[in-house]
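Below is the file target18.txt, which contains compact mmCIF, C-alpha atoms and all ligand atoms.
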```txt
# COMPACT_ATOMS: atom_id res chain seq x y z
CA MET M 1 0.00 0.00 0.00
CA THR M 2 2.93 2.31 0.77
CA ALA M 3 4.37 1.71 -2.70
CA THR M 4 0.95 2.38 -4.18
CA SER M 5 0.59 5.63 -2.25
CA CYS M 6 4.07 6.75 -3.32
CA GLY M 7 3.31 5.93 -6.95
CA VAL M 8 0.04 7.83 -6.79
CA SER M 9 1.74 10.84 -5.13
CA SER M 10 4.44 10.87 -7.77
CA LEU M 11 1.94 10.69 -10.63
CA ILE M 12 -0.20 13.44 -9.10
CA GLY M 13 2.84 15.62 -8.51
CA ARG M 14 3.88 15.33 -12.15
CA ALA M 15 0.30 16.01 -13.31
CA ALA M 16 0.00 19.09 -11.08
CA GLN M 17 3.15 20.52 -12.61
CA ARG M 18 1.57 20.22 -16.06
CA GLY M 19 -1.50 22.24 -15.02
CA PRO M 20 -5.13 21.88 -13.93
CA GLU M 21 -6.26 20.51 -17.29
CA VAL M 22 -4.02 17.48 -16.80
CA LEU M 23 -5.54 16.89 -13.38
CA LEU M 24 -9.00 16.99 -14.93
CA ALA M 25 -7.93 14.59 -17.67
CA LEU M 26 -6.53 12.28 -15.01
CA THR M 27 -9.85 12.40 -13.13
CA LEU M 28 -11.65 11.54 -16.35
CA VAL M 29 -9.34 8.62 -17.12
CA CYS M 30 -9.68 7.26 -13.57
CA GLY M 31 -13.48 7.57 -13.79
CA LEU M 32 -13.56 5.66 -17.06
CA ALA M 33 -11.17 3.05 -15.67
CA LEU M 34 -13.44 2.46 -12.67
CA VAL M 35 -16.54 2.19 -14.84
CA THR M 36 -14.92 -0.40 -17.11
CA ALA M 37 -12.93 -2.34 -14.47
CA PRO M 38 -15.75 -4.72 -13.38
CA GLY M 39 -16.16 -5.91 -16.95
CA LEU M 40 -12.42 -6.42 -17.39
CA LEU M 41 -12.11 -8.34 -14.12
CA ARG M 42 -15.25 -10.43 -14.52
CA ALA M 43 -13.37 -13.68 -15.10
CA GLN M 44 -11.25 -13.19 -11.97
CA SER M 45 -14.27 -12.23 -9.85
CA ALA M 46 -15.16 -15.90 -9.29
CA ARG M 47 -12.51 -15.84 -6.55
CA LEU M 48 -14.61 -13.41 -4.51
CA ALA M 49 -17.91 -13.95 -2.74
CA PRO M 50 -20.58 -12.74 -5.18
CA ALA M 51 -22.12 -10.37 -2.60
CA GLU M 52 -18.76 -8.68 -2.12
CA TRP M 53 -18.10 -8.54 -5.85
CA ALA M 54 -21.54 -7.05 -6.54
CA ARG M 55 -20.89 -4.30 -4.00
CA ILE M 56 -17.44 -3.59 -5.51
CA CYS M 57 -19.06 -3.35 -8.95
CA ARG M 58 -21.69 -0.95 -7.64
CA LEU M 59 -19.09 1.24 -5.93
CA ALA M 60 -16.79 1.25 -8.97
CA LEU M 61 -19.64 2.12 -11.33
CA LEU M 62 -20.92 4.88 -9.07
CA THR M 63 -17.57 6.50 -8.28
CA GLY M 64 -16.46 6.12 -11.89
CA TRP M 65 -19.61 7.85 -13.05
CA ILE M 66 -19.05 10.70 -10.56
CA GLY M 67 -15.42 11.05 -11.66
CA VAL M 68 -16.37 11.29 -15.33
CA GLU M 69 -19.20 13.72 -14.63
CA VAL M 70 -17.05 16.01 -12.45
CA ALA M 71 -14.25 16.03 -15.01
CA LEU M 72 -16.67 16.93 -17.79
CA ILE M 73 -18.24 19.72 -15.74
CA GLY M 74 -14.80 21.06 -14.87
CA GLN M 75 -13.81 20.98 -18.52
CA ALA M 76 -17.00 22.68 -19.65
CA ALA M 77 -17.27 25.32 -16.91
CA PRO M 78 -14.97 28.03 -18.35
CA THR M 79 -16.53 27.83 -21.82
CA VAL M 80 -20.07 27.97 -20.47
CA LEU M 81 -19.23 30.77 -18.02
CA ARG M 82 -17.63 32.83 -20.77
CA PHE M 83 -20.60 32.24 -23.08
CA PHE M 84 -23.10 33.59 -20.58
CA GLY M 85 -20.72 36.36 -19.57
CA ALA M 86 -22.66 37.06 -16.43
CA SER M 87 -20.29 35.34 -14.09
CA PRO M 88 -17.83 37.65 -12.37
CA LEU M 89 -15.50 34.68 -12.27
CA ALA M 90 -15.51 34.31 -16.03
CA ASN M 91 -15.44 38.03 -16.77
CA ALA M 92 -12.72 38.91 -14.34
CA CYS M 93 -10.40 36.05 -15.03
CA GLU M 94 -11.13 35.13 -18.64
CA LYS M 95 -7.50 34.74 -19.42
CA MET M 96 -6.93 32.52 -16.45
CA VAL M 97 -10.08 30.52 -17.03
CA GLY M 98 -9.23 30.05 -20.67
CA GLY M 99 -6.04 28.38 -19.57
CA TRP M 100 -7.97 25.58 -17.95
CA VAL M 101 -9.30 24.15 -21.15
CA ALA M 102 -7.24 22.16 -23.59
CA GLY M 103 -8.88 22.29 -27.00
CA GLY M 104 -10.75 25.55 -26.52
CA PRO M 105 -14.49 26.17 -26.80
CA THR M 106 -15.07 23.17 -29.09
CA VAL M 107 -13.89 20.75 -26.43
CA GLY M 108 -15.62 22.85 -23.76
CA TRP M 109 -19.00 22.68 -25.49
CA ALA M 110 -18.57 19.00 -26.27
CA ALA M 111 -17.86 18.36 -22.58
CA ALA M 112 -20.88 20.47 -21.57
CA THR M 113 -23.15 18.53 -23.93
CA ILE M 114 -21.99 15.17 -22.64
CA ALA M 115 -22.11 16.35 -19.01
CA VAL M 116 -25.77 17.32 -19.44
CA ALA M 117 -26.69 14.34 -21.63
CA MET M 118 -25.37 11.72 -19.22
CA PRO M 119 -27.73 12.45 -16.29
CA VAL M 120 -30.62 13.12 -18.68
CA LEU M 121 -30.16 9.74 -20.36
CA ALA M 122 -29.71 8.10 -16.97
CA GLY M 123 -33.01 9.65 -15.92
CA VAL M 124 -34.68 8.25 -19.03
CA GLY M 125 -33.31 4.83 -18.10
CA ALA M 126 -34.65 5.17 -14.56
CA VAL M 127 -38.12 6.15 -15.80
CA ARG M 128 -38.22 3.24 -18.25
CA THR M 129 -37.10 0.81 -15.58
CA ARG M 130 -39.71 2.02 -13.12
CA ARG M 131 -42.34 1.72 -15.83
CA THR M 132 -41.25 -1.86 -16.55
CA TRP M 133 -41.35 -2.71 -12.86
CA GLY M 134 -44.85 -1.24 -12.70
CA THR M 135 -45.90 -3.42 -15.63
CA VAL M 136 -44.51 -6.70 -14.30
CA HIS M 137 -45.65 -6.05 -10.72
CA LEU M 138 -49.00 -7.74 -11.11
CA GLU M 139 -52.36 -6.79 -9.66
CA SER M 140 -53.61 -8.61 -6.61
CA THR M 141 -56.61 -9.90 -8.58
CA LEU M 142 -54.36 -11.98 -10.83
CA GLY M 143 -53.26 -15.52 -10.02
CA THR M 144 -53.08 -17.22 -6.65
CA HIS M 145 -51.39 -15.45 -3.76
CA GLU M 146 -49.37 -17.15 -1.07
CA GLU M 147 -46.60 -16.03 1.24
CA PHE M 148 -43.00 -17.09 0.92
CA GLU M 149 -40.39 -15.95 3.44
CA GLY M 150 -42.57 -12.92 4.18
CA PHE M 151 -42.98 -11.93 0.53
CA ASP M 152 -46.06 -11.95 -1.66
CA LEU M 153 -45.82 -15.02 -3.91
CA LEU M 154 -48.07 -14.87 -6.95
CA VAL M 155 -48.58 -18.09 -8.91
CA LEU M 156 -49.87 -17.62 -12.44
CA SER M 157 -51.79 -20.35 -14.16
CA THR M 158 -49.90 -20.75 -17.40
CA GLU M 159 -47.75 -23.31 -19.17
CA MET M 160 -45.10 -20.69 -19.76
CA PHE M 161 -42.02 -20.73 -17.54
CA ILE M 162 -42.06 -17.59 -15.42
CA ALA M 163 -40.00 -16.82 -12.34
CA TYR M 164 -38.96 -13.36 -11.30
CA SER M 165 -39.04 -10.99 -8.39
CA VAL M 166 -39.91 -7.32 -8.57
CA THR M 167 -40.11 -4.33 -6.27
CA HIS M 168 -42.40 -1.50 -7.27
CA GLU M 169 -43.33 1.45 -5.06
CA GLY M 170 -42.08 -0.43 -2.03
CA GLN M 171 -44.16 -3.52 -2.79
CA ASN M 172 -42.17 -6.75 -3.15
CA GLN M 173 -43.52 -9.57 -5.24
CA ILE M 174 -42.34 -12.98 -6.45
CA VAL M 175 -44.09 -14.14 -9.61
CA VAL M 176 -43.91 -17.73 -10.81
CA SER M 177 -46.00 -19.88 -13.10
CA ASP M 178 -47.44 -23.23 -12.20
CA GLY M 179 -46.04 -24.48 -15.50
CA LEU M 180 -42.58 -23.89 -14.06
CA LEU M 181 -43.40 -25.21 -10.60
CA CYS M 182 -44.84 -28.45 -12.03
CA THR M 183 -41.51 -29.11 -13.75
CA LEU M 184 -39.62 -29.13 -10.45
CA ASP M 185 -39.79 -31.34 -7.38
CA ASP M 186 -40.55 -29.80 -3.98
CA PRO M 187 -36.96 -29.10 -2.82
CA SER M 188 -36.05 -27.59 -6.22
CA ARG M 189 -39.19 -25.45 -6.14
CA HIS M 190 -38.17 -24.17 -2.74
CA LEU M 191 -34.68 -23.33 -4.00
CA VAL M 192 -36.02 -21.36 -6.98
CA LEU M 193 -38.37 -19.40 -4.73
CA ALA M 194 -35.58 -18.84 -2.18
CA HIS M 195 -33.43 -17.49 -5.01
CA GLU M 196 -36.12 -14.95 -5.92
CA ALA M 197 -36.67 -14.09 -2.24
CA ALA M 198 -32.93 -13.41 -1.86
CA HIS M 199 -33.14 -10.79 -4.63
CA LEU M 200 -35.86 -9.01 -2.67
CA ARG M 201 -34.28 -9.41 0.77
CA HIS M 202 -31.00 -7.82 -0.37
CA GLY M 203 -32.57 -5.02 -2.41
CA HIS M 204 -31.06 -6.14 -5.70
CA HIS M 205 -33.48 -3.89 -7.55
CA ARG M 206 -31.35 -0.92 -6.42
CA PHE M 207 -28.26 -2.47 -8.03
CA LEU M 208 -30.25 -3.11 -11.20
CA MET M 209 -31.57 0.45 -11.26
CA LEU M 210 -28.02 1.78 -10.98
CA ALA M 211 -26.89 -0.54 -13.78
CA THR M 212 -29.66 0.67 -16.07
CA CYS M 213 -29.00 4.35 -15.31
CA ILE M 214 -25.29 4.01 -15.97
CA GLU M 215 -25.83 2.03 -19.17
CA HIS M 216 -28.18 4.72 -20.45
CA GLY M 217 -25.91 7.52 -19.21
CA PHE M 218 -23.00 6.14 -21.19
CA GLY M 219 -25.16 5.59 -24.26
CA GLY M 220 -25.05 1.79 -23.96
CA ALA M 221 -21.30 1.70 -24.60
CA TRP M 222 -20.06 -1.88 -24.73
CA PRO M 223 -17.35 -1.59 -22.02
CA VAL M 224 -19.93 -0.16 -19.61
CA ARG M 225 -22.45 -2.88 -20.47
CA ALA M 226 -19.71 -5.44 -19.81
CA SER M 227 -19.34 -4.00 -16.31
CA THR M 228 -23.06 -3.88 -15.57
CA GLY M 229 -23.28 -7.42 -16.94
CA ALA M 230 -20.60 -8.47 -14.45
CA MET M 231 -22.67 -6.95 -11.64
CA ARG M 232 -25.88 -8.63 -12.82
CA SER M 233 -24.08 -11.96 -12.93
CA ALA M 234 -22.81 -11.37 -9.38
CA LEU M 235 -26.37 -10.64 -8.20
CA GLU M 236 -27.56 -13.96 -9.64
CA ARG M 237 -24.74 -15.90 -8.01
CA TRP M 238 -25.38 -14.01 -4.78
CA ALA M 239 -29.04 -15.13 -4.83
CA ASP M 240 -27.96 -18.69 -5.72
CA ASP M 241 -25.59 -18.80 -2.73
CA GLU M 242 -28.29 -17.44 -0.44
CA ALA M 243 -30.78 -20.03 -1.66
CA ALA M 244 -28.55 -23.09 -1.76
CA GLY M 245 -26.07 -22.22 1.00
CA VAL M 246 -22.85 -24.17 1.34
CA ALA M 247 -24.29 -27.68 1.27
CA THR M 248 -23.16 -29.53 -1.84
CA PRO M 249 -26.45 -31.46 -2.38
CA GLU M 250 -28.49 -28.25 -2.33
CA ARG M 251 -26.11 -26.53 -4.73
CA ARG M 252 -26.28 -29.52 -7.07
CA ARG M 253 -30.07 -29.52 -6.82
CA LEU M 254 -30.32 -25.85 -7.75
CA ARG M 255 -27.85 -26.40 -10.56
CA THR M 256 -29.96 -29.25 -11.92
CA ALA M 257 -33.11 -27.12 -11.67
CA LEU M 258 -31.44 -24.31 -13.61
CA ILE M 259 -30.32 -26.70 -16.32
CA ALA M 260 -33.76 -28.27 -16.56
CA VAL M 261 -35.53 -24.96 -16.92
CA ALA M 262 -32.94 -23.43 -19.23
CA THR M 263 -33.15 -26.50 -21.45
CA LEU M 264 -36.91 -26.55 -21.54
CA THR M 265 -37.50 -22.85 -22.10
CA GLY M 266 -37.04 -21.19 -25.44
CA PRO M 267 -34.23 -18.70 -26.02
CA ASP M 268 -36.50 -15.66 -25.70
CA VAL M 269 -37.88 -16.74 -22.39
CA VAL M 270 -34.44 -17.65 -21.10
CA ALA M 271 -33.28 -14.16 -21.99
CA SER M 272 -35.98 -12.59 -19.90
CA LEU M 273 -36.02 -14.96 -16.97
CA TRP M 274 -32.76 -16.76 -16.52
CA GLY M 275 -30.23 -14.59 -18.25
CA PRO M 276 -28.31 -16.56 -20.89
CA THR M 277 -25.31 -14.30 -20.30
CA THR M 278 -25.14 -15.29 -16.63
CA ILE M 279 -26.29 -18.90 -16.57
CA PHE M 280 -22.92 -20.46 -17.41
CA GLU M 281 -21.15 -18.62 -14.58
CA ARG M 282 -23.91 -19.67 -12.19
CA LEU M 283 -23.61 -23.33 -13.16
CA VAL M 284 -19.84 -23.24 -12.70
CA ALA M 285 -20.18 -21.50 -9.33
CA LEU M 286 -22.76 -24.02 -8.11
CA ASP M 287 -20.38 -26.84 -8.99
CA ASP M 288 -18.15 -25.80 -6.10
CA ALA M 289 -18.52 -24.52 -2.57
CA PRO M 290 -19.03 -20.74 -2.22
CA ALA M 291 -15.86 -18.72 -2.72
CA CYS M 292 -13.97 -17.99 0.48
CA PRO M 293 -10.90 -15.97 -0.54
CA SER M 294 -7.96 -15.34 1.75
CA LEU M 295 -7.15 -11.82 2.93
CA ILE M 296 -4.14 -11.69 0.59
CA ARG M 297 -6.18 -12.72 -2.42
CA ARG M 298 -8.79 -10.10 -1.60
CA GLY M 299 -6.05 -7.50 -1.19
CA VAL M 300 -4.65 -8.33 -4.63
CA PHE M 301 -8.12 -8.05 -6.11
CA TYR M 302 -8.82 -4.75 -4.40
CA ALA M 303 -5.47 -3.20 -5.34
CA PRO M 304 -6.37 -1.92 -8.85
CA PHE M 305 -9.63 -0.40 -7.60
CA VAL M 306 -7.91 1.28 -4.66
CA THR M 307 -5.05 2.57 -6.81
CA VAL M 308 -7.29 4.06 -9.49
CA SER M 309 -9.65 5.52 -6.87
CA LEU M 310 -6.76 7.12 -4.97
CA LEU M 311 -5.36 8.54 -8.18
CA GLY M 312 -8.72 9.98 -9.22
CA VAL M 313 -9.51 11.43 -5.80
CA ALA M 314 -6.04 12.94 -5.50
CA ALA M 315 -6.24 14.48 -8.98
CA LEU M 316 -9.68 15.89 -8.24
CA GLY M 317 -8.50 17.19 -4.87
CA MET M 318 -5.52 18.90 -6.48
CA TRP M 319 -7.74 20.42 -9.14
CA LEU M 320 -10.18 21.69 -6.52
CA GLY M 321 -7.16 23.06 -4.68
CA GLU M 322 -6.70 25.46 -7.58
CA MET M 323 -10.10 27.00 -6.85
CA PRO M 324 -9.05 29.48 -4.11
CA ARG M 325 -6.38 30.90 -6.41
CA ILE M 326 -8.86 31.32 -9.26
CA ILE M 327 -11.56 32.79 -7.02
CA ALA M 328 -9.03 35.19 -5.54
CA MET M 329 -8.13 36.35 -9.05
CA ALA M 330 -11.81 36.80 -9.83
CA SER M 331 -12.17 39.29 -7.04
CA CYS M 332 -9.16 41.31 -8.23
CA PRO M 333 -9.48 43.99 -10.89
CA ILE M 334 -7.61 43.12 -14.08
ZN ZN V 401 -32.28 -14.31 -10.17
```
Here is a file; write its structure as structure tokens.
Amino acid sequence: MTATSCGVSSLIGRAAQRGPEVLLALTLVCGLALVTAPGLLRAQSARLAPAEWARICRLALLTGWIGVEVALIGQAAPTVLRFFGASPLANACEKMVGGWVAGGPTVGWAAATIAVAMPVLAGVGAVRTRRTWGTVHLESTLGTHEEFEGFDLLVLSTEMFIAYSVTHEGQNQIVVSDGLLCTLDDPSRHLVLAHEAAHLRHGHHRFLMLATCIEHGFGGAWPVRASTGAMRSALERWADDEAAGVATPERRRLRTALIAVATLTGPDVVASLWGPTTIFERLVALDDAPACPSLIRRGVFYAPFVTVSLLGVAALGMWLGEMPRIIAMASCPI
């Protein structure tokens, strides 16, 4: 950690000597690195407990997003301030402010556009997701209602294979079809329902909402979708571990149930219910006992995240440190 801190300090020191725009660029690069890291490390993530990995993914996506957004706002600020001309900061220190931006007004306006578009698109994603949740959260008049682990369990009478959990306006619901339940024996049925209940108990809808917002915010860019996909996969494995626990027979039973349903359902239904992009990782994970990494292994895994985060925070801190100087100049007559 000491070597990491020294390396970060040295990098930041060199960046600070080059000027504030380099610090902003460094913040941007660190933000992008954090947003893409979960996707890049997805294969190695099997060494971590899925709950821990899901939380790392969420933190990396969130802090990466903030880093990118702050860097874009910082890049755009002088151009926008100069355009409106009403800011004493921009008027008084135009020369100084102009020095912040590499690339001039073109880059400044591009940054401003992206900085505004990202939260707007994320908001669109959030609205769409909430609408979808409202659609799939079914009315109480439909199907047969039971209770499972304290949650509303709705059984639909259909041959289709349906199994999902949803939270809408604070109301949790597990929806399954009797066509699916009839395919499974009692213990397997319980495992599938326990899997859905685990999603609700741990608030996985909040992770999914974040994933959707960030995907939309970044315009569905593939590296970002790879990272959100890694988090979604972790959520599924997390729910599997909660449902099946550490006992090998239970894990095998859930594995068999997943294979049976994935084999019997058509590709479209699998895409909506069981996630063809996550099923293979789940089957592999259920083959073994839950991951229990040593402290050293966890430290090695955390190292890139910590290093990039430190670098980004330090660069941002240094850049913000320039503010008093700029504000002081704004209050001085030119
Ligand atoms: Zn699931």
Which residues, protein or nucleic acid, reach to within 12 Å of (-31.9, 11.9, -17.1) in the file's coordinates when using all atoms listed in the file, and can you give that as a PyMOL selection string?
chain M and resi 114-128+212-219
Select from chain M every residue with an atom at most 7 Å from any atom of ligand ZN 401 (chain V), then for each give the shortest pair of atoms and their distance in Å to one decimal, using all atoms listed in the file, rows by chain and rising number, as JSON lines.
```
{"residue": "M:Tyr164", "atom": "CA", "partner": "V:ZN401", "partner_atom": "ZN", "distance": 6.8}
{"residue": "M:His195", "atom": "CA", "partner": "V:ZN401", "partner_atom": "ZN", "distance": 6.2}
{"residue": "M:Glu196", "atom": "CA", "partner": "V:ZN401", "partner_atom": "ZN", "distance": 5.8}
{"residue": "M:His199", "atom": "CA", "partner": "V:ZN401", "partner_atom": "ZN", "distance": 6.6}
{"residue": "M:Glu236", "atom": "CA", "partner": "V:ZN401", "partner_atom": "ZN", "distance": 4.8}
{"residue": "M:Ala239", "atom": "CA", "partner": "V:ZN401", "partner_atom": "ZN", "distance": 6.3}
{"residue": "M:Trp274", "atom": "CA", "partner": "V:ZN401", "partner_atom": "ZN", "distance": 6.8}
```
Can those selected residues be exported to a file as a PDB file, in the frame of the given file so that it contains C-alpha atoms?
```pdb
ATOM      1  CA  TYR M 164     -38.960 -13.360 -11.300  1.00  0.00           C
ATOM      2  CA  HIS M 195     -33.430 -17.490  -5.010  1.00  0.00           C
ATOM      3  CA  GLU M 196     -36.120 -14.950  -5.920  1.00  0.00           C
ATOM      4  CA  HIS M 199     -33.140 -10.790  -4.630  1.00  0.00           C
ATOM      5  CA  GLU M 236     -27.560 -13.960  -9.640  1.00  0.00           C
ATOM      6  CA  ALA M 239     -29.040 -15.130  -4.830  1.00  0.00           C
ATOM      7  CA  TRP M 274     -32.760 -16.760 -16.520  1.00  0.00           C
TER       8      TRP M 274
END
```
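Rounded to one decimal, atom CA of Leu254 of chain M and atom CA of Asp185 of chain M lie 11.0 Å from each other.
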Between M:Leu153, M:Met231, M:Val246, M:Ile162, single out the one closest to Leu200 of chain M, counting only C-alpha atoms.
M:Leu153
Given all atoms listed in the file as the counted atoms, nearest of M:Trp319, M:Phe83, M:Trp53, M:Trp109 to Thr27 of chain M
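Residue with the minimum atom-to-atom distance to Thr27 of chain M: M:Trp319.
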Could you add the missing atoms to segment 191-215 of chain M, up to N, CA and C atoms, and return them as a compact mmCIF listing (two decimals), keeping the file's coordinate frame?
```txt
# COMPACT_ATOMS: atom_id res chain seq x y z
N LEU M 191 -35.94 -24.02 -3.68
CA LEU M 191 -34.68 -23.33 -4.00
C LEU M 191 -34.91 -22.19 -4.99
N VAL M 192 -35.75 -22.42 -5.99
CA VAL M 192 -36.02 -21.36 -6.98
C VAL M 192 -36.71 -20.18 -6.30
N LEU M 193 -37.67 -20.48 -5.42
CA LEU M 193 -38.37 -19.40 -4.73
C LEU M 193 -37.41 -18.69 -3.75
N ALA M 194 -36.55 -19.45 -3.10
CA ALA M 194 -35.58 -18.84 -2.18
C ALA M 194 -34.62 -17.93 -2.94
N HIS M 195 -34.29 -18.33 -4.16
CA HIS M 195 -33.43 -17.49 -5.01
C HIS M 195 -34.12 -16.15 -5.27
N GLU M 196 -35.39 -16.20 -5.64
CA GLU M 196 -36.12 -14.95 -5.92
C GLU M 196 -36.27 -14.12 -4.64
N ALA M 197 -36.53 -14.81 -3.51
CA ALA M 197 -36.67 -14.09 -2.24
C ALA M 197 -35.36 -13.39 -1.86
N ALA M 198 -34.23 -14.02 -2.18
CA ALA M 198 -32.93 -13.41 -1.86
C ALA M 198 -32.74 -12.10 -2.62
N HIS M 199 -33.21 -12.05 -3.87
CA HIS M 199 -33.14 -10.79 -4.63
C HIS M 199 -33.87 -9.69 -3.89
N LEU M 200 -35.05 -10.02 -3.36
CA LEU M 200 -35.86 -9.01 -2.67
C LEU M 200 -35.25 -8.63 -1.33
N ARG M 201 -34.79 -9.65 -0.59
CA ARG M 201 -34.28 -9.41 0.77
C ARG M 201 -33.06 -8.49 0.73
N HIS M 202 -32.24 -8.61 -0.30
CA HIS M 202 -31.00 -7.82 -0.37
C HIS M 202 -31.14 -6.58 -1.26
N GLY M 203 -32.36 -6.26 -1.64
CA GLY M 203 -32.57 -5.02 -2.41
C GLY M 203 -31.84 -4.99 -3.72
N HIS M 204 -31.80 -6.09 -4.44
CA HIS M 204 -31.06 -6.14 -5.70
C HIS M 204 -31.65 -5.21 -6.76
N HIS M 205 -32.90 -4.81 -6.57
CA HIS M 205 -33.48 -3.89 -7.55
C HIS M 205 -32.71 -2.56 -7.58
N ARG M 206 -32.11 -2.18 -6.44
CA ARG M 206 -31.35 -0.92 -6.42
C ARG M 206 -30.06 -1.06 -7.26
N PHE M 207 -29.43 -2.22 -7.19
CA PHE M 207 -28.26 -2.47 -8.03
C PHE M 207 -28.67 -2.41 -9.51
N LEU M 208 -29.81 -3.05 -9.80
CA LEU M 208 -30.25 -3.11 -11.20
C LEU M 208 -30.63 -1.73 -11.72
N MET M 209 -31.22 -0.91 -10.84
CA MET M 209 -31.57 0.45 -11.26
C MET M 209 -30.30 1.23 -11.59
N LEU M 210 -29.30 1.09 -10.73
CA LEU M 210 -28.02 1.78 -10.98
C LEU M 210 -27.43 1.32 -12.31
N ALA M 211 -27.46 0.01 -12.53
CA ALA M 211 -26.89 -0.54 -13.78
C ALA M 211 -27.60 0.07 -14.99
N THR M 212 -28.92 0.13 -14.93
CA THR M 212 -29.66 0.67 -16.07
C THR M 212 -29.33 2.15 -16.29
N CYS M 213 -29.29 2.90 -15.19
CA CYS M 213 -29.00 4.35 -15.31
C CYS M 213 -27.63 4.56 -15.92
N ILE M 214 -26.65 3.81 -15.47
CA ILE M 214 -25.29 4.01 -15.97
C ILE M 214 -25.17 3.55 -17.42
N GLU M 215 -25.83 2.46 -17.76
CA GLU M 215 -25.83 2.03 -19.17
C GLU M 215 -26.42 3.12 -20.07
```
